[in-house]
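A short worksheet on the structure shown next.
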Amino acid sequence: MKKLYVASVTPFDEEGTINEAALKMLWERNLLEGANGFFIGGSSGECFLLTREERVRSFELASEYKSRGDIFAHVGAISTEEAVFYAKEAVKVGIEHIAATPPIYFGFSEKEIAGYYYDIAEAAGRPVLYYNIPSSTHKDLDVNHPDVKALLKSGAIGAMKHTNLNLLQMDRIRSVNPDIQCFGGFESCMVAFLAFGCEGFIGSSFNFMLPQFRHLLNLFEEGKLEEARILQTKCNNILDVLLKNGLCANLKYILSSQGIPVGEVRKPFMALTKDRAAEMDEVLNEFLEVR
C-alpha cells in the first residue's frame, strides 16, 4: 500500500512563536483527508530557521499523533553533534522514524557525510531516512562512490526521500540495496515516481492538496493512467505557481486563506505580495478540485 505523508508547515502566531493550536488543527484535517502521517521539521517546516527549542517542541507535539500515523522527525544539521542531539530528542518522545539531509555549506566529502549518517543511526538506534534534495543541499548522491555504496549497504540508511527528478538514481539506489524504501519528494512527477515503484510520497503541497493527490494515487492503482495523467497536469498547474513565487510563503498564504492561522514565514523569507497572492488565488480557483 502506497503511503502519503504531509511535509508539515510550522505555524507561527503574531509573536513569532509556534502556534500549537493551528498545527493541531492542520494535522487533524490532514488525517481526515487520508494522510498516513507527517514529516516534521523539513523544508516546508522552515527547518533551519527554527531554534533548537522550537525543533524539539515540534517533535514533542508530533509525538502525540504517533498512534494515528507514522511520524518522521527531520534532524538534519551542519554539525553531527547537533543532528545527533535532535535524533536523541525525537527518539526520547517516541518518534520511530528519523530523517536527515546531508550536512550543507562546507562541501563535506562522501566519507564525511557517510560518517554523519552512521553517527545519527547509532545515536537513534535505528536506520535513518536519507533526505536527498540536491537542489537545496547542493550535494548530489554519487551511488557509485565506494563510501556512498558502503553506506547504502550498511543498514544505517533504511529509506530515502528522493526529492530529485533523477529517477534513474532512485533505481540505482535500489540496485545497491533493494531493502531501502524510496519515497518521492516531487509531487509534480507522482505518476512517474509511482511507475518506478516508489513506496509513496512525502509532499509539501499535501498540506492543502492531499485529497487531489490521494485521488491521483487511487487512479494510478486502478490502472486509470490517462485519468491520473490529466489530474497530474491540473495539480502541476498549481505547483508551478506555488514554487515560482515561494513555496513556504504560498503554503502559509493558502492555509491561512482556508481558515488555519499559520501566520507568516520567518525572515529572510518574504510574505507574498498582493500580485503574487492574486496569482495563487487565480490558479487555485481554476484547478483545485474540491473532493
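The chains in the C-alpha cells are called A, B, ... from first to last as shown; in each chain the residues are counted from 1, and the ligands are counted from 1 in the order shown.
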Who sits within 10 Å of range 80-88 of chain A, only C-alpha atoms, same chain under 5 positions skipped, as an MDAnalysis selection string
chainID A and resid 52 55:56 59 73:75 93:95 97:103 112:113 115:125 128
Write out as number ranges by chain each polymer residue whose atoms come within 7 Å of range 174-177 of chain A, counting only C-alpha atoms; drop sequence neighbours fewer than 5 positions from it.
A: 149, 152-153
Please report, as a VMD selection string, each residue of range 151-232 of chain A to which DSSP assigns helix (DSSP H, G or I) when run on this structure's backbone.
chain A and resid 151 to 154 167 to 176 187 to 195 206 to 221 225 to 232
Smallest atom-to-atom distance to Asn144 in chain A: which of A:Gln169, A:Asn19, A:Leu61, A:Gly76, using only C-alpha atoms?
A:Gln169
Please provide as a VMD selection string all residues within 6 Å of range 280-285 of chain A, with the sequence filter that same-chain residues fewer than 3 positions apart are discarded (counting only C-alpha atoms).
chain A and resid 238 277 288
Could those residues be written to a file, using all heavy atoms, as a compact mmCIF listing (two decimals), in the first residue's frame?
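The file below, part.txt, is the result:
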```txt
# COMPACT_ATOMS: atom_id res chain seq x y z
N ILE A 238 -1.00 24.20 -10.51
CA ILE A 238 -0.95 24.84 -9.19
C ILE A 238 0.48 24.85 -8.67
O ILE A 238 0.96 25.88 -8.16
CB ILE A 238 -1.89 24.11 -8.21
CG1 ILE A 238 -3.35 24.23 -8.67
CG2 ILE A 238 -1.72 24.67 -6.79
CD1 ILE A 238 -4.32 23.36 -7.88
N ALA A 277 -0.15 36.85 -4.50
CA ALA A 277 -1.29 36.21 -3.83
C ALA A 277 -2.46 36.07 -4.81
O ALA A 277 -3.14 35.04 -4.85
CB ALA A 277 -1.71 37.02 -2.61
N LEU A 288 -7.97 23.72 -8.52
CA LEU A 288 -8.10 22.95 -7.29
C LEU A 288 -9.51 22.40 -7.19
O LEU A 288 -10.46 23.14 -6.95
CB LEU A 288 -7.77 23.82 -6.07
CG LEU A 288 -7.75 23.07 -4.73
CD1 LEU A 288 -6.66 22.01 -4.72
CD2 LEU A 288 -7.56 24.03 -3.58
```
Pick out each residue of range 50-248 of chain A that DSSP on the backbone tags as strand (DSSP E or B); I need them as a list in words.
Asp70, Ile71, Phe72, Ala73, His74, His97, Ile98, Ala99, Ala100, Val128, Leu129, Tyr130, Tyr131, Asn132, Ile157, Gly158, Ala159, Met160, Lys161, His162, Gln181, Cys182, Phe183, Gly184, Gly200, Phe201, Ile202 and Gly203 of chain A
Need to verify the contact set: Gln232 in chain A, 8 Å, only C-alpha atoms, exclusion of same-chain residues closer than 5 positions in sequence. Can you return it as a list in words?
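Counting only the stated atoms, we get Ser188, Cys189, Met190, Val191 and Leu216 of chain A.
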Same residues, N, CA, C and O atoms, saved as a PDB file, in the first residue's frame:
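Generated output (result.pdb):
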```pdb
ATOM      1  N   SER A 188       5.002  16.852  -8.399  1.00  0.00           N
ATOM      2  CA  SER A 188       4.776  17.188  -9.802  1.00  0.00           C
ATOM      3  C   SER A 188       5.057  16.024 -10.733  1.00  0.00           C
ATOM      4  O   SER A 188       4.639  16.040 -11.892  1.00  0.00           O
ATOM      5  N   CYS A 189       5.755  15.006 -10.228  1.00  0.00           N
ATOM      6  CA  CYS A 189       6.085  13.824 -11.030  1.00  0.00           C
ATOM      7  C   CYS A 189       5.566  12.556 -10.376  1.00  0.00           C
ATOM      8  O   CYS A 189       6.171  11.486 -10.522  1.00  0.00           O
ATOM      9  N   MET A 190       4.453  12.651  -9.675  1.00  0.00           N
ATOM     10  CA  MET A 190       3.973  11.494  -8.919  1.00  0.00           C
ATOM     11  C   MET A 190       3.725  10.288  -9.813  1.00  0.00           C
ATOM     12  O   MET A 190       4.109   9.160  -9.473  1.00  0.00           O
ATOM     13  N   VAL A 191       3.092  10.489 -10.963  1.00  0.00           N
ATOM     14  CA  VAL A 191       2.801   9.359 -11.849  1.00  0.00           C
ATOM     15  C   VAL A 191       4.077   8.648 -12.253  1.00  0.00           C
ATOM     16  O   VAL A 191       4.153   7.415 -12.230  1.00  0.00           O
ATOM     17  N   LEU A 216      -5.334  10.930  -7.205  1.00  0.00           N
ATOM     18  CA  LEU A 216      -4.379  10.586  -8.263  1.00  0.00           C
ATOM     19  C   LEU A 216      -3.763   9.210  -7.990  1.00  0.00           C
ATOM     20  O   LEU A 216      -3.648   8.375  -8.900  1.00  0.00           O
TER      21      LEU A 216
END
```
The residue from A:Leu23, A:Leu217, A:Ala114, A:Ala271 with the smallest atom-to-atom distance to Ser154 in chain A, counting only C-alpha atoms, is A:Ala114
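Around Thr10 in chain A, within 7 Å and counting only C-alpha atoms, the residues found are Ser8, Phe12, Ile18, Gly45 and Glu46 of chain A, once anything fewer than 2 positions away on its own chain is removed.
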Writing out the chosen residues with C-alpha atoms as a CSV table (one decimal), in the first residue's frame:
```csv
chain,number,residue,atom,x,y,z
A,8,SER,CA,4.1,19.9,7.6
A,12,PHE,CA,3.6,30.9,13.9
A,18,ILE,CA,4.9,28.2,17.2
A,45,GLY,CA,8.6,23.5,8.0
A,46,GLU,CA,11.3,26.1,7.7
```
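With distances restricted to only C-alpha atoms, A:Thr51 is the closest residue to Gly16 in chain A from A:Leu129, A:Thr51, A:Asn207, A:Lys161.
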So that I can check the surroundings of range 197-203 of chain A, please list as a PyMOL selection string every protein, DNA and RNA residue that reaches within 6 Å of it, counting only C-alpha atoms and ignoring chain neighbours fewer than 3 positions away.
chain A and resi 2-7+182-185+193-194+206
Would you mind exporting the chosen residues as a PDB file, in the first residue's frame, restricted to C-alpha atoms?
```pdb
ATOM      1  CA  LYS A   2       1.450   3.337  -1.076  1.00  0.00           C
ATOM      2  CA  LYS A   3       1.536   5.951   1.661  1.00  0.00           C
ATOM      3  CA  LEU A   4       1.205   9.732   1.536  1.00  0.00           C
ATOM      4  CA  TYR A   5       2.898  11.793   4.242  1.00  0.00           C
ATOM      5  CA  VAL A   6       2.388  15.519   4.761  1.00  0.00           C
ATOM      6  CA  ALA A   7       5.594  17.563   4.931  1.00  0.00           C
ATOM      7  CA  CYS A 182      12.087   5.171  -1.566  1.00  0.00           C
ATOM      8  CA  PHE A 183       9.539   7.953  -1.134  1.00  0.00           C
ATOM      9  CA  GLY A 184       9.022  10.545  -3.843  1.00  0.00           C
ATOM     10  CA  GLY A 185       9.528  14.183  -2.918  1.00  0.00           C
ATOM     11  CA  PHE A 193       7.623   8.035  -9.469  1.00  0.00           C
ATOM     12  CA  LEU A 194       4.788   5.539  -8.962  1.00  0.00           C
ATOM     13  CA  PHE A 206      -0.249  17.792   0.774  1.00  0.00           C
TER      14      PHE A 206
END
```
CA of Ala192 in chain A and CA of Phe220 in chain A, how far apart in Å?
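Computing the Euclidean distance for CA of Phe220 in chain A and CA of Ala192 in chain A yields 10.3 Å.
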Could you build a table of the residues in range 26-114 of chain A lying no more than 12 Å from range 249-265 of chain A, giving for each the nearest pair of atoms and their separation in Å rounded to one decimal place, using only C-alpha atoms, ordered by chain and ascending residue number, as CSV?
```
residue,atom,partner,partner_atom,distance
A:Leu26,CA,A:Ile260,CA,6.8
A:Trp27,CA,A:Ile260,CA,10.6
A:Glu28,CA,A:Ile260,CA,11.2
A:Arg29,CA,A:Ile260,CA,9.9
A:Asn30,CA,A:Leu255,CA,11.8
A:Ser43,CA,A:Leu251,CA,11.6
A:Ser44,CA,A:Leu251,CA,8.1
A:Gly45,CA,A:Val265,CA,9.6
A:Glu46,CA,A:Val265,CA,8.0
A:Cys47,CA,A:Val265,CA,11.5
A:Leu49,CA,A:Val265,CA,9.7
A:Leu50,CA,A:Val265,CA,11.1
```
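Nearest-residue note for Ser79 in chain A: choosing from A:Leu151, A:Ala22, A:Ile104, A:Asp140, the minimum distance belongs to A:Ile104, counting only C-alpha atoms.
Closest approach to Val241 in chain A among A:Glu110, A:Asp142, A:Asp275, A:Glu54 is made by A:Asp275 (distances from only C-alpha atoms).
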